[in-house]
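Have a look at the structure below before the remarks.
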Amino acid sequence: MSDYLPIECLTQILVRVPVKSLLRFRCVAKTWHSLISSPAFIATHLNHARHKASHGERSKLQDQIILFRHYSACEYADEDDHGLRTWITRDEEECFALHKDDESFPHSPTLNLNPPHNRWSGEYFPIVGLMNGIVCLVDWSRCVFWNPSLNTTMKTSFQTGAGTFFSPVRHIFGLGCDPITNDLKLVRLAYLKKNVVPPVVEIFTLVTKSWREVAGPGPMYILVQSKSSPQAFVSGAFHWVAHTPPGQGSSSNVIVAFDMANEVFSEIALPSCLASKAHLNMTVVLLNGSLVLVPDNAFYGDSYYSRSVWIMKEYGVVESWRKLFDIDIGQQGVGRVITFRNNGELLLISERNELLSYEPYTRETRDLHFKVRPSDGTSYNTGSYFVDTHMESLVLLKEAPNED
């Protein structure tokens with residue numbers, strides 16, 4: 001059939017085909033294999049998928065699909081026909097799965113995944129983020145780019161900060177896409193000494209497969225990275241909540257943005273009532289393309305306990321900040337907000353480490369009957385959860401298969 005179709009027509013047909021089918025279709029003919037494996041087709045297929053997602057034209061396979069990660073010793077509730085609930089405990093493990101964002105979540109995955117395992121340390125990789133179908137995982141010395149749809153990986157070691165040969169005391173990451181080149185970029189901020197700014201800033205691009213230092217100055221703030229919430233990448237920039245280093249005058253909180261195309265930092269002011277809070281305990285997520293501040297009370301102790309949700313109605317306009325609502329889940333207390341669900345509810349973790357879905361306007365809280373039981377038995381492990389929207393892609397098609 002391909003002999004009778006112009007390549008442009010064949011491309012327009014195949015970009016609408018799911019990844020799993022495309023992998024099989026490469027065996028149809030050499031021309032098909034060459035086309036599907038080409039960088040141009042991979043980029044076109046990705047752009048088509050992103051266009052559909054942004055315009056709400058999701059296919060059956062992409063409809064409300066989210067990636068859900070949890071680890072540590074896990075418990076989930078199993079109910080019999082009489083409604084009797086039994087808590088079932090799994091041994092400590094890491095689980096990645098794809099789910100529909102509906103009533104079946106988180107108990108009925110559509111697909112269980114096989115993530116890369118950190119053989120160097122024997123521990124699990126923290127997640128930086130998910131973009132263009134690629135999950136970025138890191139440890140102290142390297143990062144792994146993993147495509148769950150293909151189960152392929154690409155690994156790279158970090159550059160040492162500023163030509164030194166010691167590890168930073170802290171590093172912060174942001175995963176984004178250059179809106180001009182469509183290249184996936186990972187930015188790394190390495191704080192070489194505790195509470196000393198600016199950090200060394202390095203960037204890795206998927207096209208060049210190499211690291212380089214960013215020429216411009218780094219931010220004069222300590223950036224905070226959530227362990228559970230998906231990345232806040234919008235308007236071509238990655239965003240973090242940040243604060244002034246301790247001991248340098250009065251406390252000041254801002255949002256720091258990194259423009260992936262121009263590779264420069266900028267600041268966005270917070271609502272005045274939050275700008276000077278010590279230990280703000282909030283992180284930034286997205287709601288319909290808008291920046292939203294949500295609680296992140298991992299270990300708040302005596303610091304500010306956050307339960308409010310704020311939205312920036314117009315990007316970059318400080319006066320457009322509006323308080324949406326306060327989260328009220330009774331005596332349980334808010335641990336961390338993970339993300340907004342497609343139905344408008346908040347997916348969050350209570351202080352008791354329970355996974356909840358919260359309807360903000362009726363204040364109805366639904367227990368999803370799923371929780372992480374900390375292996376040390378002392379503190380809840382809210383970082384065990386990670387949820388973000390998943391999109392199939394052919395990125396990393398030519399990389400090595402994940403053998404872990």
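So you can find residues: chains in the structure tokens are A, B, ... in the order shown, residues in each start at 1, and ligands are numbered from 1 in order.
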Name all residues at most 10 Å from Phe325 (chain A) (count only C-alpha atoms; drop same-chain ones fewer than 2 positions away) and give them as JSON, numbers by chain.
{"A": [307, 308, 309, 310, 311, 322, 323, 327, 328, 360, 361, 363]}
What's the 9 Å shell around Lys313 (chain A), counting only C-alpha atoms, without same-chain residues fewer than 2 positions away, as a count of residues only?
9
Each region 148-243 of chain A residue no farther than 12 Å from region 8-28 of chain A, nearest pair in Å, only C-alpha atoms, as a tab-separated table:
residue	atom	partner	partner_atom	distance
A:Pro148	CA	A:Val19	CA	10.9
A:Ser149	CA	A:Val19	CA	7.1
A:Leu150	CA	A:Val19	CA	7.9
A:Asn151	CA	A:Lys20	CA	11.2
Close residues, Leu286 (chain A) itself excluded, 9 Å, only C-alpha atoms, min 4 positions apart in chain, as a compact mmCIF listing (two decimals) with N, CA, C and O atoms, in the first residue's frame:
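What follows is the written file selection-v9.txt:
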# COMPACT_ATOMS: atom_id res chain seq x y z
N PRO A 230 3.59 17.21 40.16
CA PRO A 230 4.16 17.29 38.82
C PRO A 230 4.72 18.67 38.55
O PRO A 230 4.41 19.64 39.24
N GLN A 231 5.57 18.76 37.55
CA GLN A 231 6.28 20.00 37.25
C GLN A 231 5.33 21.11 36.83
O GLN A 231 4.28 20.88 36.26
N ALA A 232 5.75 22.33 37.12
CA ALA A 232 5.00 23.52 36.71
C ALA A 232 5.72 24.14 35.52
O ALA A 232 6.48 25.11 35.68
N PHE A 233 5.50 23.58 34.34
CA PHE A 233 6.12 24.09 33.13
C PHE A 233 5.04 24.72 32.27
O PHE A 233 4.12 24.07 31.80
N VAL A 234 5.15 26.04 32.07
CA VAL A 234 4.15 26.78 31.31
C VAL A 234 4.82 28.02 30.73
O VAL A 234 5.80 28.53 31.29
N SER A 290 -2.59 27.62 34.25
CA SER A 290 -2.31 28.72 35.16
C SER A 290 -1.47 28.24 36.34
O SER A 290 -1.63 27.10 36.81
N LEU A 291 -0.59 29.12 36.84
CA LEU A 291 0.20 28.80 38.02
C LEU A 291 -0.69 28.79 39.25
O LEU A 291 -1.50 29.70 39.45
N VAL A 292 -0.52 27.75 40.08
CA VAL A 292 -1.32 27.62 41.29
C VAL A 292 -0.40 27.26 42.45
O VAL A 292 0.43 26.35 42.34
N LEU A 293 -0.54 27.96 43.56
CA LEU A 293 0.18 27.65 44.79
C LEU A 293 -0.66 26.71 45.64
O LEU A 293 -1.84 26.99 45.90
N ILE A 311 -4.34 31.06 42.81
CA ILE A 311 -4.14 30.95 41.37
C ILE A 311 -3.73 32.30 40.79
O ILE A 311 -4.21 33.36 41.22
N THR A 339 -1.76 17.05 42.92
CA THR A 339 -2.15 17.67 41.66
C THR A 339 -3.66 17.85 41.61
O THR A 339 -4.39 17.36 42.47
N PHE A 340 -4.14 18.55 40.58
CA PHE A 340 -5.56 18.63 40.29
C PHE A 340 -5.94 17.48 39.37
O PHE A 340 -5.21 17.14 38.44
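Proximity to Ile66 (chain A) was assessed for A:Asn281, A:Ser228, A:Ser235, A:Thr110 counting only C-alpha atoms; the smallest distance is recorded for A:Thr110.
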With DSSP run on the backbone, what are the alpha helix (DSSP H) residues within region 256-288 of chain A? I'd like them as a list in words.
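Checking each residue of region 256-288 of chain A, the alpha helix (DSSP H) ones are Ser272, Cys273, Leu274 and Ala275 of chain A.
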Quick one, how far is CA of Ser141 (chain A) from CA of Thr205 (chain A)?
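Value for the CA of Ser141 (chain A)-CA of Thr205 (chain A) distance: 17.0 Å.
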Quick one: distance from CA of Ile268 (chain A) to CA of Ile255 (chain A) in Å, one decimal?
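Interatomic distance, CA of Ile268 (chain A) to CA of Ile255 (chain A): 5.0 Å.
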If you measure from CA of Ser384 (chain A) to CA of Thr152 (chain A), what distance in Å do you get, rounded to one decimal?
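These atoms are spaced 23.3 Å apart.
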